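Pasting run_16.pdb here (PDB, C-alpha atoms):
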ATOM      1  CA  LYS P 173      19.359  48.412 197.033
ATOM      2  CA  ILE P 174      21.384  46.095 199.262
ATOM      3  CA  ALA P 175      25.122  46.107 198.637
ATOM      4  CA  GLY P 176      26.189  43.134 196.583
ATOM      5  CA  LYS P 177      22.607  41.964 196.107
ATOM      6  CA  LYS P 178      20.545  42.418 192.979
ATOM      7  CA  PHE P 179      16.836  41.872 192.508
ATOM      8  CA  ILE P 180      16.135  40.720 188.962
ATOM      9  CA  ARG P 181      12.624  40.703 187.593
ATOM     10  CA  GLY P 182      11.979  37.672 185.435
ATOM     11  CA  ALA P 183       9.419  35.010 184.685
ATOM     12  CA  GLY P 184       8.315  34.549 188.267
ATOM     13  CA  ALA P 185      11.854  34.304 189.641
ATOM     14  CA  VAL P 186      13.684  36.883 191.726
ATOM     15  CA  ASN P 187      17.448  36.606 192.132
ATOM     16  CA  THR P 188      18.529  37.780 195.581
ATOM     17  CA  GLU P 189      21.964  36.189 195.695
ATOM     18  CA  ARG P 190      24.832  38.182 197.143
ATOM     19  CA  ARG P 191      27.514  38.463 194.489
ATOM     20  CA  ALA P 192      30.812  40.274 194.094
ATOM     21  CA  TRP P 193      33.750  40.824 191.781
ATOM     22  CA  VAL P 194      37.099  40.080 193.433
ATOM     23  CA  THR P 195      40.733  40.755 192.608
ATOM     24  CA  LEU P 196      44.059  40.360 194.431
ATOM     25  CA  LEU P 197      46.893  42.795 195.100
ATOM     26  CA  THR P 198      50.046  41.284 196.591
ATOM     27  CA  GLY P 199      52.254  44.381 196.928
ATOM     28  CA  ASP P 200      52.668  48.070 196.160
ATOM     29  CA  SER P 201      52.991  47.638 192.415
ATOM     30  CA  TYR P 202      52.139  50.984 190.793
ATOM     31  CA  ASN P 203      50.992  49.349 187.567
ATOM     32  CA  ASN P 204      48.811  46.729 189.251
ATOM     33  CA  THR P 205      47.226  49.345 191.512
ATOM     34  CA  LEU P 206      46.312  51.510 188.518
ATOM     35  CA  MET P 207      44.987  48.482 186.654
ATOM     36  CA  ILE P 208      42.655  47.708 189.542
ATOM     37  CA  GLY P 209      41.318  51.244 189.149
ATOM     38  CA  THR P 210      40.715  50.539 185.456
ATOM     39  CA  GLN P 211      39.072  47.246 186.333
ATOM     40  CA  LEU P 212      36.749  48.931 188.836
ATOM     41  CA  LYS P 213      35.740  51.623 186.336
ATOM     42  CA  SER P 214      34.926  48.992 183.746
ATOM     43  CA  ILE P 215      32.831  47.013 186.237
ATOM     44  CA  ARG P 216      30.885  50.082 187.332
ATOM     45  CA  GLN P 217      29.823  50.588 183.701
ATOM     46  CA  VAL P 218      28.136  47.188 183.503
ATOM     47  CA  SER P 219      27.507  45.931 187.041
ATOM     48  CA  GLU P 220      26.156  46.987 190.425
ATOM     49  CA  TYR P 221      27.759  44.176 192.383
ATOM     50  CA  ASP P 222      30.418  44.839 195.018
ATOM     51  CA  HIS P 223      34.070  44.989 194.040
ATOM     52  CA  ILE P 224      36.584  43.581 196.521
ATOM     53  CA  THR P 225      40.355  43.920 196.433
ATOM     54  CA  MET P 226      42.029  41.313 198.592
ATOM     55  CA  VAL P 227      45.375  42.684 199.780
ATOM     56  CA  LEU P 228      48.278  40.952 201.485
ATOM     57  CA  PRO P 229      49.843  42.473 204.636
ATOM     58  CA  SER P 230      52.719  43.736 202.471
ATOM     59  CA  VAL P 231      50.410  46.269 200.780
ATOM     60  CA  SER P 232      51.024  49.702 202.340
ATOM     61  CA  ASP P 233      48.482  51.926 204.058
ATOM     62  CA  ASP P 234      48.866  54.526 201.278
ATOM     63  CA  THR P 235      47.954  51.988 198.614
ATOM     64  CA  ARG P 236      45.012  50.751 200.666
ATOM     65  CA  SER P 237      43.781  54.322 201.149
ATOM     66  CA  TYR P 238      43.953  54.941 197.421
ATOM     67  CA  LEU P 239      42.012  51.754 196.675
ATOM     68  CA  SER P 240      39.331  52.670 199.207
ATOM     69  CA  SER P 241      39.076  56.189 197.733
ATOM     70  CA  ILE P 242      38.228  54.841 194.264
ATOM     71  CA  GLY P 243      35.426  52.667 195.632
ATOM     72  CA  THR P 244      36.722  49.125 195.994
ATOM     73  CA  ASN P 245      36.288  47.266 199.273
ATOM     74  CA  VAL P 246      39.758  46.536 200.658
ATOM     75  CA  MET P 247      40.050  43.227 202.500
ATOM     76  CA  GLU P 248      43.302  42.015 204.038
ATOM     77  CA  VAL P 249      44.067  38.321 203.660
ATOM     78  CA  LEU P 250      47.081  36.337 204.793
ATOM     79  CA  PRO P 251      49.411  34.859 202.175
ATOM     80  CA  ILE P 252      48.783  31.284 201.110
ATOM     81  CA  TYR P 253      52.073  29.763 200.106
ATOM     82  CA  PRO P 254      52.575  26.976 197.574
ATOM     83  CA  PRO P 255      52.933  23.432 198.864
ATOM     84  CA  GLU P 256      56.331  22.285 200.050
ATOM     85  CA  THR P 257      56.858  20.277 196.875
ATOM     86  CA  ILE P 258      57.292  23.594 195.036
ATOM     87  CA  GLU P 259      60.283  25.806 195.692
ATOM     88  CA  ASN P 260      59.905  28.886 193.511
ATOM     89  CA  TRP P 261      59.615  32.131 195.474
ATOM     90  CA  LEU P 262      58.586  34.070 192.348
ATOM     91  CA  TYR P 263      55.170  32.450 192.547
ATOM     92  CA  ASP P 264      54.649  32.375 196.294
ATOM     93  CA  ASP P 265      51.747  34.816 196.145
ATOM     94  CA  VAL P 266      49.574  33.265 193.434
ATOM     95  CA  PHE P 267      48.067  30.705 195.789
ATOM     96  CA  SER P 268      46.519  33.564 197.770
ATOM     97  CA  LYS P 269      43.785  33.519 195.121
ATOM     98  CA  LEU P 270      42.364  30.561 197.031
ATOM     99  CA  HIS P 271      40.891  33.029 199.537
ATOM    100  CA  ILE P 272      37.952  33.502 197.165
ATOM    101  CA  TRP P 273      36.558  30.236 198.534
ATOM    102  CA  ASN P 274      36.595  31.822 201.993
ATOM    103  CA  LEU P 275      34.385  34.813 201.094
ATOM    104  CA  THR P 276      31.375  33.087 202.583
ATOM    105  CA  HIS P 277      29.394  36.282 203.155
ATOM    106  CA  TYR P 278      28.727  36.097 199.394
ATOM    107  CA  ASP P 279      26.800  33.377 197.586
ATOM    108  CA  GLN P 280      28.863  33.689 194.409
ATOM    109  CA  VAL P 281      31.994  35.613 193.429
ATOM    110  CA  THR P 282      33.870  36.157 190.185
ATOM    111  CA  PHE P 283      37.623  36.473 190.523
ATOM    112  CA  LEU P 284      39.522  38.619 188.019
ATOM    113  CA  ASP P 285      43.271  39.031 187.789
ATOM    114  CA  ALA P 286      44.290  42.645 188.390
ATOM    115  CA  ASP P 287      44.979  43.103 184.666
ATOM    116  CA  THR P 288      41.481  42.027 183.642
ATOM    117  CA  PHE P 289      38.586  44.380 183.004
ATOM    118  CA  LEU P 290      35.060  44.282 181.632
ATOM    119  CA  PHE P 291      33.806  45.683 178.396
ATOM    120  CA  GLY P 292      30.209  45.766 177.246
ATOM    121  CA  ASP P 293      26.868  47.550 177.283
ATOM    122  CA  GLY P 294      24.186  47.431 179.918
ATOM    123  CA  HIS P 295      24.549  44.621 182.462
ATOM    124  CA  LYS P 296      26.048  42.042 180.110
ATOM    125  CA  GLY P 297      29.088  41.666 182.318
ATOM    126  CA  ASP P 298      26.905  40.209 185.057
ATOM    127  CA  GLN P 299      25.874  37.383 182.762
ATOM    128  CA  ILE P 300      28.908  35.416 183.837
ATOM    129  CA  PHE P 301      27.210  34.839 187.214
ATOM    130  CA  GLN P 302      24.080  33.419 185.572
ATOM    131  CA  ILE P 303      26.046  31.393 183.035
ATOM    132  CA  CYS P 304      27.924  29.640 185.816
ATOM    133  CA  ASP P 305      25.251  27.348 187.258
ATOM    134  CA  GLN P 306      27.827  25.116 188.987
ATOM    135  CA  ASP P 307      29.995  25.390 192.093
ATOM    136  CA  PHE P 308      33.024  26.397 190.025
ATOM    137  CA  CYS P 309      33.504  27.752 186.512
ATOM    138  CA  GLY P 310      36.641  28.733 184.655
ATOM    139  CA  SER P 311      37.869  28.916 181.106
ATOM    140  CA  GLU P 312      40.211  26.228 179.848
ATOM    141  CA  ARG P 313      43.707  27.316 178.913
ATOM    142  CA  LYS P 314      44.184  26.396 175.289
ATOM    143  CA  GLU P 315      47.165  28.444 174.188
ATOM    144  CA  GLN P 316      50.671  27.093 174.488
ATOM    145  CA  ASN P 317      52.770  27.872 177.492
ATOM    146  CA  ARG P 318      54.740  30.861 176.219
ATOM    147  CA  ARG P 319      57.854  30.000 178.185
ATOM    148  CA  THR P 320      58.116  26.241 177.735
ATOM    149  CA  GLN P 321      56.241  26.027 174.420
ATOM    150  CA  GLU P 322      54.441  23.009 175.803
ATOM    151  CA  GLU P 323      50.724  22.360 175.594
ATOM    152  CA  PRO P 324      49.296  21.405 179.028
ATOM    153  CA  ASP P 325      48.011  17.836 179.176
ATOM    154  CA  GLY P 326      44.400  17.235 180.173
ATOM    155  CA  LEU P 327      42.200  19.840 181.852
ATOM    156  CA  TRP P 328      44.002  23.113 182.486
ATOM    157  CA  ILE P 329      41.973  25.920 184.054
ATOM    158  CA  ASN P 330      42.987  29.532 183.437
ATOM    159  CA  THR P 331      42.607  31.110 186.876
ATOM    160  CA  GLY P 332      42.621  34.678 185.544
ATOM    161  CA  VAL P 333      38.807  34.480 185.539
ATOM    162  CA  MET P 334      36.967  32.151 187.919
ATOM    163  CA  VAL P 335      33.403  31.978 189.213
ATOM    164  CA  VAL P 336      33.093  30.317 192.624
ATOM    165  CA  ARG P 337      30.496  29.552 195.262
ATOM    166  CA  PRO P 338      32.428  30.156 198.488
ATOM    167  CA  SER P 339      32.481  27.515 201.177
ATOM    168  CA  LYS P 340      34.509  27.262 204.381
ATOM    169  CA  GLN P 341      34.743  23.486 203.947
ATOM    170  CA  LYS P 342      36.104  23.818 200.416
ATOM    171  CA  PHE P 343      38.545  26.536 201.441
ATOM    172  CA  ASN P 344      39.947  24.401 204.256
ATOM    173  CA  TYR P 345      40.272  21.454 201.886
ATOM    174  CA  LEU P 346      42.219  23.509 199.356
ATOM    175  CA  ILE P 347      44.695  25.025 201.777
ATOM    176  CA  ASN P 348      45.377  21.612 203.335
ATOM    177  CA  THR P 349      45.818  19.771 200.032
ATOM    178  CA  ARG P 350      49.333  19.045 198.851
ATOM    179  CA  LEU P 351      50.268  19.626 195.251
ATOM    180  CA  PRO P 352      50.840  16.271 193.522
ATOM    181  CA  LYS P 353      54.465  15.405 192.869
ATOM    182  CA  GLY P 354      55.468  16.357 189.359
ATOM    183  CA  MET P 355      53.033  19.275 189.120
ATOM    184  CA  THR P 356      55.849  21.788 188.941
ATOM    185  CA  ASN P 357      54.935  24.016 185.997
ATOM    186  CA  PRO P 358      56.887  27.188 186.906
ATOM    187  CA  VAL P 359      54.518  29.544 185.103
ATOM    188  CA  TYR P 360      51.010  28.520 186.156
ATOM    189  CA  LEU P 361      51.432  26.854 189.541
ATOM    190  CA  GLU P 362      47.999  27.667 190.955
ATOM    191  CA  GLU P 363      46.313  26.713 187.681
ATOM    192  CA  GLY P 364      47.886  23.263 187.705
ATOM    193  CA  PHE P 365      46.896  22.841 191.331
ATOM    194  CA  ILE P 366      43.235  23.780 190.852
ATOM    195  CA  SER P 367      43.001  21.723 187.660
ATOM    196  CA  GLU P 368      44.384  18.649 189.432
ATOM    197  CA  VAL P 369      42.009  19.091 192.350
ATOM    198  CA  LEU P 370      38.970  19.397 190.073
ATOM    199  CA  LEU P 371      39.889  16.134 188.333
ATOM    200  CA  ASP P 372      40.114  14.275 191.658
ATOM    201  CA  PRO P 373      36.835  12.351 192.076
ATOM    202  CA  SER P 374      37.153  12.504 195.869
ATOM    203  CA  GLN P 375      37.387  16.308 196.040
ATOM    204  CA  PRO P 376      34.605  18.263 197.798
ATOM    205  CA  LEU P 377      34.686  21.320 195.527
ATOM    206  CA  GLY P 378      31.436  20.242 193.914
ATOM    207  CA  THR P 379      30.466  20.391 190.271
ATOM    208  CA  TYR P 380      32.324  22.483 187.724
ATOM    209  CA  ASN P 381      31.785  23.720 184.207
ATOM    210  CA  LEU P 382      33.977  25.356 181.578
ATOM    211  CA  LEU P 383      33.281  28.910 180.478
ATOM    212  CA  ASP P 384      33.410  29.929 176.852
ATOM    213  CA  TRP P 385      37.093  30.506 176.035
ATOM    214  CA  ARG P 386      36.281  34.107 175.055
ATOM    215  CA  TYR P 387      35.797  34.967 178.712
ATOM    216  CA  ASN P 388      39.561  34.936 179.152
ATOM    217  CA  THR P 389      41.724  34.920 176.074
ATOM    218  CA  CYS P 390      44.466  37.047 174.560
ATOM    219  CA  SER P 391      44.731  38.921 171.295
ATOM    220  CA  GLU P 392      48.265  39.178 169.936
ATOM    221  CA  GLN P 393      47.496  42.317 167.936
ATOM    222  CA  TYR P 394      47.523  44.465 171.091
ATOM    223  CA  PHE P 395      50.933  43.415 172.408
ATOM    224  CA  ASP P 396      52.897  46.120 170.592
ATOM    225  CA  LYS P 397      50.496  48.862 171.722
ATOM    226  CA  ILE P 398      49.912  48.067 175.387
ATOM    227  CA  HIS P 399      52.602  45.497 176.148
ATOM    228  CA  GLN P 400      49.966  43.410 177.851
ATOM    229  CA  CYS P 401      47.228  41.012 176.988
ATOM    230  CA  VAL P 402      43.770  42.038 175.804
ATOM    231  CA  SER P 403      40.890  39.576 175.639
ATOM    232  CA  SER P 404      37.278  40.015 174.649
ATOM    233  CA  THR P 405      33.958  38.222 174.709
ATOM    234  CA  ASN P 406      30.425  39.107 173.698
ATOM    235  CA  SER P 407      29.535  39.474 177.388
ATOM    236  CA  SER P 408      32.836  41.066 177.430
ATOM    237  CA  LEU P 409      35.775  40.408 179.628
ATOM    238  CA  TYR P 410      38.885  42.230 178.508
ATOM    239  CA  LYS P 411      42.377  41.487 179.739
ATOM    240  CA  TYR P 412      44.314  44.759 179.883
TER     241      TYR P 412
END
What do you get writing this file as structure tokens?
Amino acid sequence: KIAGKKFIRGAGAVNTERRAWVTLLTGDSYNNTLMIGTQLKSIRQVSEYDHITMVLPSVSDDTRSYLSSIGTNVMEVLPIYPPETIENWLYDDVFSKLHIWNLTHYDQVTFLDADTFLFGDGHKGDQIFQICDQDFCGSERKEQNRRTQEEPDGLWINTGVMVVRPSKQKFNYLINTRLPKGMTNPVYLEEGFISEVLLDPSQPLGTYNLLDWRYNTCSEQYFDKIHQCVSSTNSSLYKY
């Protein structure tokens, strides 16, 4: 076995792509750190691919040591701040998700928010890599914005689950692209940004496809029990 690489026997085809699951930790949040542990456990039940936790410099050595001890690969990344047209410090860190395009030592990665975990039997969780046969895949956000009660216009990607083929060229394009004026949704800044970029015919991100909405959706019935968001799919991504 080669780390991050899986050999799949099929009808004459062998898949040797390097793949990984990736999440992001922006600080020493006790809850988020524990949720990454839950995420990793869920992945290990259904997948053999690497798990990477990107951490910002603000994450302490103690937290990094804990993450390493549970088996995730800790990788420090520098913060990516929102474009100058946005002035909302509460969401400064969300653009650091863009680092997934810079993980060029992998052929394909699936990003999961820290509060997202897998649920399923066998290797069904890995199906998301095969299902995404494009350069980018994400589920479309359909539910209303809970704070503004407004339905997003046009394509709106939910960046809680994304499948990406990393590329240095695409990463550089993203971090040097300004957010269009007026794209100031205070709740989903990075989602509006990525959605706008994908709709730009001149963008170099390549082809994209929408995942089944069940790969990243919420079930209201769990709110009173866990005070968070649980989602399910038949190949089984759960949001915890």
Kindly resolve the PyMOL selection byres ((chain P and resi 378) around 9) on the present coordinates and return the residues as a ChimeraX atom specification. /P:306-308,342,370,375-377,379-380
Convert the current residue selection to file output with C-alpha atoms, as a short mmCIF file (atom, residue, chain, number, x, y, z; two decimals), in the frame of the given file.
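Output below, filename out_27.cif:
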data_model
loop_
_atom_site.label_atom_id
_atom_site.label_comp_id
_atom_site.auth_asym_id
_atom_site.auth_seq_id
_atom_site.Cartn_x
_atom_site.Cartn_y
_atom_site.Cartn_z
CA GLN P 306 27.83 25.12 188.99
CA ASP P 307 30.00 25.39 192.09
CA PHE P 308 33.02 26.40 190.02
CA LYS P 342 36.10 23.82 200.42
CA LEU P 370 38.97 19.40 190.07
CA GLN P 375 37.39 16.31 196.04
CA PRO P 376 34.60 18.26 197.80
CA LEU P 377 34.69 21.32 195.53
CA THR P 379 30.47 20.39 190.27
CA TYR P 380 32.32 22.48 187.72
#
Which neighbours of range 269-279 of chain P fall inside 6 Å, counting only C-alpha atoms, when residues of the same chain fewer than 3 positions from it are skipped, and could you give them as a PyMOL selection string? chain P and resi 189-191+337-340+343
Show me, as a VMD selection string, the residues that have an atom within 7 Å of range 241-248 of chain P when counting all atoms listed in the file, minus same-chain residues fewer than 2 positions from it. chain P and resid 209 223 to 229 236 to 239 250
Interatomic distance (Å, one decimal) between CA of Pro251 in chain P and CA of Ile347 in chain P: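 Between these atoms lies a distance of 10.9 Å.
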What's the 12 Å shell around Asn204 in chain P, counting all atoms listed in the file, without same-chain residues fewer than 2 positions away, as a list of chain:residue names? P:Thr195, P:Leu196, P:Leu197, P:Thr198, P:Gly199, P:Asp200, P:Ser201, P:Tyr202, P:Leu206, P:Met207, P:Ile208, P:Gly209, P:Thr210, P:Gln211, P:Thr225, P:Val227, P:Val231, P:Thr235, P:Leu239, P:Asp285, P:Ala286, P:Asp287, P:Thr288, P:Gln400, P:Tyr412
Would you translate the PyMOL selection byres ((chain P and resi 325-335) around 8) into the concrete set of residues it matches in this file, as JSON, numbers by chain? {"P": [280, 281, 282, 283, 284, 285, 288, 300, 301, 304, 307, 308, 309, 310, 311, 312, 313, 314, 323, 324, 336, 337, 362, 363, 364, 366, 367, 368, 371, 387, 388]}
Hey, can you check how far CA of Leu346 in chain P sits from CA of Tyr253 in chain P?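 Distance reported for this atom pair: 11.7 Å.
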